[in-house]
file structure_17.txt (compact mmCIF, C-alpha atoms and all ligand atoms)
# COMPACT_ATOMS: atom_id res chain seq x y z
CA MET A 97 103.75 90.82 167.24
CA THR A 98 102.24 88.92 170.15
CA ARG A 99 103.24 85.63 168.65
CA LYS A 100 106.81 86.81 168.13
CA LYS A 101 107.03 88.07 171.69
CA THR A 102 105.74 84.76 173.03
CA GLY A 103 108.34 83.00 170.89
CA ASN A 104 111.09 85.16 172.37
CA ASN A 105 109.87 84.54 175.92
CA LYS A 106 109.84 80.80 175.36
CA TYR A 107 113.33 80.99 173.88
CA LEU A 108 114.58 83.04 176.84
CA LYS A 109 112.98 80.69 179.32
CA GLU A 110 114.61 77.66 177.70
CA LEU A 111 117.94 79.47 177.52
CA ASN A 112 117.79 80.36 181.22
CA GLN A 113 116.86 76.79 182.05
CA LYS A 114 119.92 75.52 180.18
CA VAL A 115 122.18 78.07 181.90
CA LEU A 116 120.91 77.10 185.35
CA LEU A 117 121.12 73.37 184.62
CA ASP A 118 124.69 73.76 183.39
CA LEU A 119 125.72 75.68 186.53
CA VAL A 120 124.25 72.94 188.72
CA ARG A 121 126.11 70.34 186.62
CA ILE A 122 129.44 72.13 186.96
CA HIS A 123 129.18 73.02 190.66
CA GLY A 124 127.34 69.98 192.05
CA ALA A 125 124.99 70.99 194.87
CA VAL A 126 124.16 74.73 194.75
CA SER A 127 121.73 77.13 196.40
CA LYS A 128 119.27 79.38 194.58
CA ALA A 129 121.09 82.42 196.00
CA GLU A 130 124.32 81.24 194.36
CA LEU A 131 122.51 80.71 191.06
CA ALA A 132 121.08 84.24 191.24
CA GLU A 133 124.52 85.66 192.03
CA TRP A 134 126.28 83.82 189.15
CA THR A 135 123.63 84.51 186.51
CA GLY A 136 122.52 88.03 187.48
CA LEU A 137 118.91 86.80 187.42
CA THR A 138 116.58 87.97 190.20
CA PRO A 139 115.94 85.52 193.08
CA THR A 140 112.29 85.40 191.94
CA ALA A 141 113.29 84.41 188.40
CA VAL A 142 115.69 81.75 189.72
CA GLY A 143 112.87 80.46 191.96
CA VAL A 144 110.49 80.14 188.99
CA ILE A 145 113.04 78.50 186.67
CA SER A 146 114.42 76.09 189.28
CA GLY A 147 110.82 75.29 190.27
CA SER A 148 110.04 74.18 186.72
CA LEU A 149 113.31 72.18 186.52
CA LEU A 150 112.37 70.42 189.76
CA GLU A 151 108.90 69.74 188.41
CA MET A 152 110.27 68.30 185.15
CA GLY A 153 112.52 66.04 187.21
CA TYR A 154 115.95 67.31 186.12
CA LEU A 155 116.81 68.49 189.64
CA HIS A 156 116.13 67.44 193.17
CA GLU A 157 116.61 69.11 196.52
CA THR A 158 119.45 67.76 198.58
CA GLY A 159 120.29 68.71 202.17
CA THR A 160 121.06 72.23 203.26
CA GLY A 161 124.09 74.42 202.73
CA GLU A 162 126.02 76.85 204.93
CA SER A 163 123.96 79.71 206.29
CA LYS A 164 125.09 83.23 205.43
CA GLY A 165 122.95 84.60 208.27
CA GLY A 166 119.32 83.53 208.37
CA ARG A 167 117.95 80.17 207.30
CA ARG A 168 120.24 77.49 205.90
CA PRO A 169 119.58 77.32 202.14
CA VAL A 170 118.19 74.24 200.40
CA LEU A 171 120.66 72.91 197.82
CA LEU A 172 119.76 71.83 194.29
CA GLU A 173 121.44 68.95 192.49
CA LEU A 174 121.04 67.07 189.19
CA ARG A 175 118.88 64.01 189.61
CA SER A 176 120.93 61.05 188.25
CA GLU A 177 117.92 58.91 187.48
CA SER A 178 116.02 61.65 185.64
CA PHE A 179 117.27 61.45 182.06
CA TYR A 180 119.72 59.31 180.13
CA SER A 181 121.76 59.22 176.98
CA ILE A 182 123.25 56.41 174.88
CA GLY A 183 126.64 56.48 173.18
CA VAL A 184 127.74 53.95 170.56
CA ASP A 185 131.22 53.35 169.18
CA ILE A 186 131.53 51.52 165.88
CA ASP A 187 134.90 49.88 165.34
CA VAL A 188 136.14 47.43 162.74
CA ARG A 189 135.18 44.27 164.67
CA THR A 190 133.04 45.48 167.55
CA ILE A 191 130.22 47.83 168.40
CA THR A 192 130.19 49.03 172.00
CA ALA A 193 127.44 51.04 173.65
CA VAL A 194 126.99 52.80 176.96
CA LEU A 195 123.96 54.02 178.85
CA MET A 196 124.91 57.23 180.65
CA ASP A 197 122.97 59.24 183.18
CA ILE A 198 122.49 63.00 183.11
CA LYS A 199 125.54 63.47 185.38
CA GLY A 200 127.82 61.67 182.91
CA SER A 201 128.12 58.43 184.91
CA THR A 202 128.04 55.05 183.21
CA VAL A 203 124.96 52.96 184.06
CA ARG A 204 125.50 49.96 181.76
CA GLU A 205 127.69 48.90 178.86
CA GLU A 206 127.24 46.45 175.99
CA LEU A 207 129.60 44.94 173.45
CA VAL A 208 128.56 43.16 170.26
CA GLU A 209 130.80 41.55 167.65
CA PHE A 210 130.50 43.37 164.34
CA PRO A 211 131.02 41.32 161.17
CA GLU A 212 134.06 42.82 159.45
CA GLY A 213 133.15 44.53 156.19
CA ALA A 214 129.41 44.73 156.98
CA ASP A 215 127.48 47.73 155.62
CA PHE A 216 126.01 50.62 157.59
CA GLU A 217 122.46 49.23 157.54
CA THR A 218 123.77 46.11 159.33
CA ALA A 219 125.44 48.37 161.91
CA GLY A 220 122.18 50.34 162.19
CA GLY A 221 120.20 47.18 162.92
CA ILE A 222 122.67 46.15 165.63
CA ILE A 223 122.50 49.63 167.19
CA VAL A 224 118.69 49.58 167.28
CA ASP A 225 118.84 46.25 169.15
CA MET A 226 121.55 47.46 171.54
CA VAL A 227 119.64 50.63 172.44
CA GLY A 228 116.53 48.52 173.04
CA GLN A 229 118.49 46.12 175.27
CA LEU A 230 120.17 48.86 177.30
CA THR A 231 116.96 50.74 178.02
CA LYS A 232 115.10 47.51 178.79
CA GLN A 233 117.77 46.15 181.16
CA ALA A 234 117.88 49.45 183.04
CA ALA A 235 114.06 49.73 182.95
CA ILE A 236 114.11 53.19 181.39
CA SER A 237 111.03 54.47 179.60
CA PRO A 238 111.64 55.94 176.11
CA GLU A 239 110.71 59.48 177.17
CA ARG A 240 113.64 59.49 179.58
CA LEU A 241 116.14 59.05 176.77
CA LEU A 242 117.62 62.33 175.53
CA GLY A 243 119.27 60.97 172.39
CA VAL A 244 121.74 58.55 170.83
CA GLY A 245 125.27 59.56 169.82
CA ILE A 246 127.31 57.46 167.40
CA SER A 247 131.09 57.53 167.04
CA ILE A 248 132.51 56.50 163.66
CA PRO A 249 136.12 55.86 162.61
CA GLY A 250 135.73 58.07 159.55
CA MET A 251 135.00 61.46 158.08
CA VAL A 252 131.56 62.94 158.80
CA ASP A 253 130.14 65.75 156.65
CA SER A 254 129.86 68.86 158.81
CA GLU A 255 126.38 69.73 157.50
CA THR A 256 124.57 66.56 156.48
CA ARG A 257 126.27 64.42 159.21
CA SER A 258 126.53 61.65 156.63
CA VAL A 259 129.64 59.45 156.80
CA VAL A 260 131.66 60.63 153.81
CA LEU A 261 134.34 57.97 154.12
CA ALA A 262 135.22 55.36 156.74
CA PRO A 263 138.07 53.41 155.09
CA ASN A 264 138.49 50.80 157.84
CA LEU A 265 134.78 49.98 157.72
CA GLY A 266 134.67 50.16 153.93
CA TRP A 267 131.87 52.75 154.01
CA ARG A 268 131.42 55.62 151.61
CA ASP A 269 128.51 58.11 151.67
CA ALA A 270 126.78 56.17 154.43
CA ASP A 271 123.87 58.18 155.83
CA LEU A 272 123.58 56.29 159.10
CA GLN A 273 122.05 59.29 160.88
CA THR A 274 118.99 59.42 158.59
CA TRP A 275 118.67 55.61 158.66
CA LEU A 276 118.72 55.52 162.47
CA SER A 277 116.42 58.55 162.80
CA ARG A 278 113.68 56.46 161.18
CA HIS A 279 114.01 53.92 163.99
CA PHE A 280 114.24 56.25 166.99
CA THR A 281 111.94 58.93 168.33
CA VAL A 282 114.89 60.71 169.97
CA PRO A 283 117.61 62.68 168.11
CA VAL A 284 120.57 60.78 166.65
CA TYR A 285 124.00 62.38 166.35
CA VAL A 286 126.82 60.94 164.24
CA GLU A 287 130.35 62.07 165.09
CA ASN A 288 133.92 61.26 164.07
CA GLU A 289 135.57 59.09 166.74
CA ALA A 290 138.50 61.43 167.50
CA MET A 291 136.11 64.36 167.83
CA ALA A 292 133.89 62.27 170.12
CA SER A 293 136.97 61.50 172.25
CA ALA A 294 137.78 65.22 172.48
CA ILE A 295 134.18 65.89 173.61
CA CYS A 296 134.66 63.22 176.30
CA GLU A 297 137.99 64.65 177.52
CA ASN A 298 136.40 68.10 177.72
CA TRP A 299 133.29 66.91 179.63
CA ILE A 300 134.58 64.28 182.08
CA GLY A 301 138.28 63.74 181.24
CA SER A 302 141.56 65.61 181.54
CA CYS A 303 140.52 68.70 179.50
CA GLN A 304 137.64 69.98 181.62
CA GLY A 305 137.64 73.78 181.60
CA ILE A 306 140.38 73.82 178.93
CA ASN A 307 139.53 75.78 175.79
CA ASP A 308 142.39 75.00 173.41
CA PHE A 309 143.44 71.38 173.24
CA VAL A 310 143.98 68.51 170.84
CA CYS A 311 143.02 64.93 171.55
CA ILE A 312 145.01 62.47 169.41
CA ASN A 313 143.73 58.90 169.06
CA ILE A 314 146.31 56.27 168.19
CA LYS A 315 145.25 52.76 167.25
CA SER A 316 145.11 51.04 163.83
CA GLY A 317 144.58 54.56 162.44
CA ILE A 318 145.45 57.99 163.84
CA GLY A 319 143.13 61.00 164.11
CA ALA A 320 142.60 64.05 166.27
CA GLY A 321 139.76 66.06 167.76
CA ILE A 322 140.55 69.76 168.08
CA PHE A 323 139.00 72.27 170.50
CA THR A 324 139.65 75.98 169.95
CA GLY A 325 138.07 78.69 172.08
CA GLY A 326 136.13 76.03 173.98
CA LYS A 327 134.44 74.69 170.83
CA LEU A 328 135.02 71.66 168.64
CA TYR A 329 136.74 72.68 165.41
CA ARG A 330 135.44 70.78 162.39
CA GLY A 331 136.90 72.80 159.52
CA ALA A 332 135.09 73.77 156.31
CA GLY A 333 133.79 70.31 155.46
CA GLY A 334 134.12 68.39 158.71
CA SER A 335 137.47 66.69 158.14
CA ALA A 336 139.65 68.76 160.49
CA GLY A 337 142.03 66.75 162.66
CA GLU A 338 143.23 64.19 160.10
CA VAL A 339 146.68 64.34 161.68
CA GLY A 340 147.34 60.71 160.72
CA HIS A 341 148.16 62.08 157.25
CA ILE A 342 150.77 64.61 158.34
CA VAL A 343 153.82 63.54 156.34
CA VAL A 344 156.60 62.69 158.82
CA ASP A 345 158.96 60.91 156.40
CA GLU A 346 158.74 61.49 152.64
CA ASN A 347 160.59 58.24 152.04
CA GLY A 348 158.24 56.25 154.24
CA PRO A 349 155.80 53.55 153.12
CA ARG A 350 152.75 54.24 150.98
CA CYS A 351 149.66 55.22 152.97
CA GLY A 352 146.04 54.29 152.25
CA CYS A 353 145.52 57.93 151.20
CA GLY A 354 148.00 57.51 148.33
CA ASN A 355 150.77 59.57 149.92
CA TYR A 356 154.08 58.35 151.36
CA GLY A 357 155.28 58.45 154.97
CA CYS A 358 152.11 59.72 156.64
CA LEU A 359 152.15 59.54 160.46
CA GLU A 360 149.64 56.69 160.25
CA THR A 361 152.13 54.57 158.27
CA MET A 362 154.93 55.21 160.81
CA ALA A 363 153.24 55.18 164.21
CA SER A 364 149.81 53.53 164.15
CA THR A 365 149.59 50.32 166.18
CA ALA A 366 148.99 48.39 162.92
CA TYR A 367 152.31 49.67 161.60
CA VAL A 368 154.18 49.01 164.86
CA VAL A 369 153.00 45.38 164.82
CA GLU A 370 153.89 44.96 161.15
CA LYS A 371 157.35 46.42 161.77
CA ALA A 372 157.99 44.12 164.75
CA ARG A 373 157.02 41.01 162.78
CA LYS A 374 159.25 42.08 159.91
CA LEU A 375 162.24 42.57 162.22
CA VAL A 376 161.66 39.20 163.87
CA ARG A 377 161.61 37.53 160.44
CA GLN A 378 164.87 39.27 159.65
CA GLY A 379 166.33 37.70 162.80
CA ILE A 380 166.64 40.72 165.09
CA VAL A 381 168.03 40.02 168.58
CA SER A 382 164.92 40.23 170.70
CA SER A 383 162.82 38.24 173.16
CA LEU A 384 160.07 38.54 170.51
CA ASN A 385 161.99 35.73 168.79
CA THR A 386 160.79 33.32 171.45
CA TYR A 387 157.22 33.50 170.12
CA GLU A 388 156.54 30.46 168.00
CA ASP A 389 154.20 32.08 165.49
CA THR A 390 155.50 35.45 164.28
CA ASP A 391 152.04 36.31 162.91
CA LYS A 392 150.65 36.12 166.44
CA ILE A 393 152.93 38.90 167.70
CA GLY A 394 150.66 41.85 168.45
CA MET A 395 150.77 45.11 170.39
CA GLU A 396 150.25 43.26 173.67
CA GLU A 397 153.36 41.11 173.14
CA ILE A 398 155.52 44.06 172.06
CA ILE A 399 154.47 46.10 175.11
CA ARG A 400 154.99 43.10 177.42
CA GLU A 401 158.54 42.48 176.15
CA ALA A 402 159.36 46.19 176.26
CA ARG A 403 158.28 46.29 179.91
CA LYS A 404 160.51 43.30 180.63
CA GLY A 405 163.42 45.30 179.23
CA ASP A 406 163.71 43.95 175.67
CA GLU A 407 165.73 46.61 173.86
CA ALA A 408 164.36 45.76 170.41
CA SER A 409 160.71 46.09 171.56
CA ARG A 410 161.55 49.35 173.29
CA GLY A 411 163.27 50.57 170.15
CA ILE A 412 160.23 49.82 167.98
CA LEU A 413 157.91 51.74 170.34
CA ASN A 414 160.38 54.62 170.68
CA GLU A 415 160.72 54.97 166.92
CA ALA A 416 156.93 55.26 166.59
CA ALA A 417 156.98 57.80 169.44
CA ARG A 418 159.58 59.86 167.60
CA TYR A 419 157.23 60.22 164.62
CA ILE A 420 154.35 61.05 166.96
CA GLY A 421 156.60 63.76 168.42
CA ILE A 422 157.34 65.17 164.95
CA ALA A 423 153.63 65.37 164.12
CA ILE A 424 152.85 66.94 167.52
CA SER A 425 155.55 69.56 166.91
CA ASN A 426 153.67 70.60 163.75
CA ILE A 427 150.38 70.66 165.64
CA VAL A 428 151.91 72.74 168.45
CA ASN A 429 153.34 75.25 165.96
CA THR A 430 150.07 75.51 164.02
CA LEU A 431 147.47 75.59 166.81
CA ASN A 432 149.33 76.61 170.00
CA PRO A 433 147.17 74.36 172.23
CA SER A 434 147.58 74.37 176.01
CA ARG A 435 147.15 70.61 176.24
CA ILE A 436 147.58 67.56 174.03
CA VAL A 437 146.00 64.32 175.21
CA ILE A 438 147.01 61.09 173.49
CA GLY A 439 144.47 58.32 173.79
CA ARG A 440 143.03 55.04 172.64
CA GLU A 441 145.63 52.18 172.40
CA PHE A 442 148.47 54.63 173.16
CA VAL A 443 147.48 54.61 176.85
CA GLN A 444 148.68 50.99 177.10
CA TYR A 445 152.31 51.98 176.42
CA GLY A 446 152.26 55.76 176.90
CA ASP A 447 154.37 55.58 180.07
CA LEU A 448 157.14 53.77 178.13
CA VAL A 449 157.48 56.41 175.40
CA MET A 450 156.13 59.69 176.74
CA GLU A 451 159.60 61.01 177.51
CA GLN A 452 160.62 60.39 173.90
CA VAL A 453 157.52 62.21 172.58
CA LYS A 454 158.20 65.20 174.84
CA ASN A 455 161.90 65.33 173.96
CA VAL A 456 161.13 65.45 170.24
CA VAL A 457 158.53 68.20 170.74
CA SER A 458 160.84 70.33 172.86
CA GLY A 459 163.58 69.86 170.27
CA LYS A 460 161.50 70.50 167.13
CA ALA A 461 158.59 72.80 168.00
CA LEU A 462 159.00 76.56 168.39
CA LYS A 463 160.08 77.50 171.91
CA ALA A 464 157.09 79.73 172.75
CA PRO A 465 154.22 77.32 171.95
CA ALA A 466 156.27 74.30 173.13
CA SER A 467 156.74 75.86 176.57
CA ARG A 468 152.97 76.37 176.93
CA VAL A 469 151.79 72.89 176.02
CA GLU A 470 151.27 70.00 178.38
CA ILE A 471 151.36 66.56 176.73
CA LEU A 472 149.78 63.62 178.51
CA ALA A 473 148.21 60.22 177.97
CA SER A 474 144.43 59.99 178.37
CA ASP A 475 143.09 58.65 181.67
CA ILE A 476 140.06 57.30 179.86
CA GLY A 477 141.71 55.52 176.96
CA GLU A 478 139.75 53.02 174.88
CA LYS A 479 136.28 54.11 175.97
CA ALA A 480 136.65 57.84 175.30
CA SER A 481 134.90 57.91 171.92
CA MET A 482 131.96 55.79 173.15
CA LEU A 483 131.55 58.01 176.22
CA GLY A 484 131.98 61.14 174.07
CA ALA A 485 129.19 59.94 171.77
CA ALA A 486 126.91 59.60 174.82
CA ILE A 487 127.85 63.10 175.96
CA ILE A 488 126.64 64.74 172.71
CA PRO A 489 122.91 64.61 173.66
CA LEU A 490 123.87 65.88 177.15
CA LYS A 491 125.70 68.84 175.60
CA VAL A 492 122.51 69.75 173.75
CA LEU A 493 120.50 69.59 176.98
CA PHE A 494 122.98 71.81 178.83
CA GLY A 495 123.23 74.29 175.95
CA ARG A 496 126.89 73.55 175.27
ZN ZN B 1 148.02 59.21 154.46
call {"tool": "encode", "arguments": {"input": "structure_17.txt", "output": "structure tokens", "more": "lines below"}}
Ligand SMILES: [Zn+2]
result
Amino acid sequence: MTRKKTGNNKYLKELNQKVLLDLVRIHGAVSKAELAEWTGLTPTAVGVISGSLLEMGYLHETGTGESKGGRRPVLLELRSESFYSIGVDIDVRTITAVLMDIKGSTVREELVEFPEGADFETAGGIIVDMVGQLTKQAAISPERLLGVGISIPGMVDSETRSVVLAPNLGWRDADLQTWLSRHFTVPVYVENEAMASAICENWIGSCQGINDFVCINIKSGIGAGIFTGGKLYRGAGGSAGEVGHIVVDENGPRCGCGNYGCLETMASTAYVVEKARKLVRQGIVSSLNTYEDTDKIGMEEIIREARKGDEASRGILNEAARYIGIAISNIVNTLNPSRIVIGREFVQYGDLVMEQVKNVVSGKALKAPASRVEILASDIGEKASMLGAAIIPLKVLFGR
């Protein structure tokens, strides 16, 4: 009995610590009186818990607040240089990593070329080196690292956290988490890249305090991270959010999944580029024709010409946006989110096509959910999944 009771006390203490830490994170500098008021804990209990958080180095005292009669209260704040987290994003040709402090600010970043088609052990080796470099450059001792989060462009099993399938990397059943856990003393978390982006938007991006939202990543592939009721929704097996395979045109091209006309085949940046090159070869009237090598026309060129007013380039982007709008209409009808954030490469041309996306949604989605949803381009863009991966160990610390 005694042992059980001690166990409960320890659990309660840790829980209260997380609750207090999270309140300090959300509100910035706070007084103990405010913490007692918000949590319903006694001032004595708040004193004891905040005392231990100060002692462990998570918090520090900063200045004094407004007096409500009597002495001006000492304010508590998270100590930036106390603990850190590392987030890694694995993409087809690059691995990027960020060292983040406890407040969610970037301390350092690293980018390493990743040999296309390399296996997960190769990626693991690179990650071990990158984590070593980042902590060394910032002179951080290993015990100050909370964990390492990894973002993967693929499906991650909801229980084993093994990468079930990452088609663009050519990985199948790749247990990177177990492999990396052998090389680190801190916890390792593997997450799907769209879900990592959604975590980022919810923690430091445009979906803070928003419970029901969808974060759609558009680049060479298309995927989404879904939050419902303030929590990440993974589905039964971990593959929720594969919106790139919503069929938007039955007569469309064949998709890597075997189906025809999936959103990914009509609106991914890879498809947009392919379509532009094809039209140029067919002799379309466009300033894209002035490029000597058609194979060198990429997203950057299409966006540049569209900005200069080239109708054909605008048309190509708007057509992709129409399909994005169709898929979003289905998402809006199914999930009734209050916000949809479109990120990754989309942010580079979002301003050119957002009106088109919104027009399609207001025309095709049901009136009630369509009137409640706000659709916007991510402010964070390319780095969201890397930052989201770094936020995962922070979420654990703050009990989120
Ligand atoms: Zn598909």
call {"tool": "closest_residue", "arguments": {"input": "structure_17.txt", "among": "A:Leu131, A:Ile488, A:Glu360, A:Lys199", "to": "Ile246 of chain A", "atoms": "all atoms listed in the file"}}
result
A:Ile488
call {"tool": "closest_residue", "arguments": {"input": "structure_17.txt", "among": "A:Pro249, A:Gly124, A:Gly321, A:Gly352", "to": "ligand ZN 1 (chain B)", "atoms": "all atoms listed in the file"}}
result
A:Gly352
call {"tool": "closest_residue", "arguments": {"input": "structure_17.txt", "among": "A:Glu297, A:Glu289, A:Glu441, A:Asp253", "to": "Ser316 of chain A", "atoms": "all atoms listed in the file"}}
result
A:Glu441
call {"tool": "residues_near_ligand", "arguments": {"input": "structure_17.txt", "ligand": "ligand ZN 1 (chain B)", "cutoff": "8 Å", "atoms": "only C-alpha atoms and all ligand atoms", "output": "VMD selection string"}}
result
chain A and resid 340 to 343 350 to 361
call {"tool": "closest_residue", "arguments": {"input": "structure_17.txt", "among": "A:Met362, A:Ser148, A:Ser181, A:Asn455", "to": "Pro349 of chain A", "atoms": "only C-alpha atoms"}}
result
A:Met362
call {"tool": "closest_residue", "arguments": {"input": "structure_17.txt", "among": "A:Ile236, A:Val227, A:Met395, A:Leu171", "to": "Asp197 of chain A", "atoms": "only C-alpha atoms"}}
result
A:Ile236
call {"tool": "residues_around", "arguments": {"input": "structure_17.txt", "residues": "Phe216 of chain A", "least_positions_apart": "3", "cutoff": "8 Å", "atoms": "only C-alpha atoms", "output": "JSON, numbers by chain"}}
result
{"A": [219, 220, 267, 270, 272]}
call {"tool": "decode", "arguments": {"input": "structure_17.txt", "residues": "segment 335-343 of chain A", "atoms": "all heavy atoms", "output": "mmCIF file, in the first residue's frame"}}
result
data_model
loop_
_atom_site.group_PDB
_atom_site.id
_atom_site.type_symbol
_atom_site.label_atom_id
_atom_site.label_comp_id
_atom_site.auth_asym_id
_atom_site.auth_seq_id
_atom_site.Cartn_x
_atom_site.Cartn_y
_atom_site.Cartn_z
ATOM 1 N N SER A 335 -2.034 6.172 -40.521
ATOM 2 C CA SER A 335 -1.915 6.737 -41.870
ATOM 3 C C SER A 335 -2.936 7.842 -42.156
ATOM 4 O O SER A 335 -3.111 8.239 -43.316
ATOM 5 C CB SER A 335 -2.041 5.634 -42.918
ATOM 6 O OG SER A 335 -3.388 5.224 -43.017
ATOM 7 N N ALA A 336 -3.604 8.363 -41.130
ATOM 8 C CA ALA A 336 -4.589 9.427 -41.366
ATOM 9 C C ALA A 336 -3.918 10.613 -42.056
ATOM 10 O O ALA A 336 -2.734 10.860 -41.847
ATOM 11 C CB ALA A 336 -5.200 9.874 -40.048
ATOM 12 N N GLY A 337 -4.680 11.316 -42.868
ATOM 13 C CA GLY A 337 -4.149 12.536 -43.485
ATOM 14 C C GLY A 337 -3.530 12.336 -44.850
ATOM 15 O O GLY A 337 -2.929 13.258 -45.388
ATOM 16 N N GLU A 338 -3.694 11.153 -45.445
ATOM 17 C CA GLU A 338 -3.127 10.935 -46.792
ATOM 18 C C GLU A 338 -4.028 11.589 -47.845
ATOM 19 O O GLU A 338 -4.537 10.930 -48.758
ATOM 20 C CB GLU A 338 -2.952 9.433 -47.053
ATOM 21 C CG GLU A 338 -1.824 8.794 -46.264
ATOM 22 C CD GLU A 338 -0.432 9.224 -46.723
ATOM 23 O OE1 GLU A 338 -0.296 9.723 -47.856
ATOM 24 O OE2 GLU A 338 0.519 9.073 -45.935
ATOM 25 N N VAL A 339 -4.190 12.902 -47.725
ATOM 26 C CA VAL A 339 -5.117 13.608 -48.616
ATOM 27 C C VAL A 339 -4.586 13.708 -50.051
ATOM 28 O O VAL A 339 -5.336 14.019 -50.965
ATOM 29 C CB VAL A 339 -5.440 15.029 -48.084
ATOM 30 C CG1 VAL A 339 -6.092 14.957 -46.724
ATOM 31 C CG2 VAL A 339 -4.185 15.892 -48.031
ATOM 32 N N GLY A 340 -3.300 13.421 -50.232
ATOM 33 C CA GLY A 340 -2.732 13.424 -51.588
ATOM 34 C C GLY A 340 -3.385 12.366 -52.467
ATOM 35 O O GLY A 340 -3.270 12.414 -53.686
ATOM 36 N N HIS A 341 -4.078 11.411 -51.839
ATOM 37 C CA HIS A 341 -4.709 10.329 -52.620
ATOM 38 C C HIS A 341 -6.227 10.449 -52.654
ATOM 39 O O HIS A 341 -6.917 9.481 -52.955
ATOM 40 C CB HIS A 341 -4.220 8.971 -52.113
ATOM 41 C CG HIS A 341 -2.734 8.865 -52.211
ATOM 42 N ND1 HIS A 341 -2.084 8.623 -53.399
ATOM 43 C CD2 HIS A 341 -1.761 9.083 -51.279
ATOM 44 C CE1 HIS A 341 -0.771 8.673 -53.192
ATOM 45 N NE2 HIS A 341 -0.550 8.953 -51.920
ATOM 46 N N ILE A 342 -6.734 11.650 -52.350
ATOM 47 C CA ILE A 342 -8.153 11.933 -52.613
ATOM 48 C C ILE A 342 -8.263 12.036 -54.131
ATOM 49 O O ILE A 342 -7.494 12.762 -54.770
ATOM 50 C CB ILE A 342 -8.582 13.270 -51.964
ATOM 51 C CG1 ILE A 342 -8.591 13.148 -50.437
ATOM 52 C CG2 ILE A 342 -9.967 13.691 -52.482
ATOM 53 C CD1 ILE A 342 -8.924 14.457 -49.728
ATOM 54 N N VAL A 343 -9.198 11.281 -54.713
ATOM 55 C CA VAL A 343 -9.349 11.316 -56.167
ATOM 56 C C VAL A 343 -10.079 12.605 -56.563
ATOM 57 O O VAL A 343 -11.185 12.857 -56.114
ATOM 58 C CB VAL A 343 -10.111 10.069 -56.674
ATOM 59 C CG1 VAL A 343 -10.363 10.169 -58.174
ATOM 60 C CG2 VAL A 343 -9.316 8.805 -56.348
#
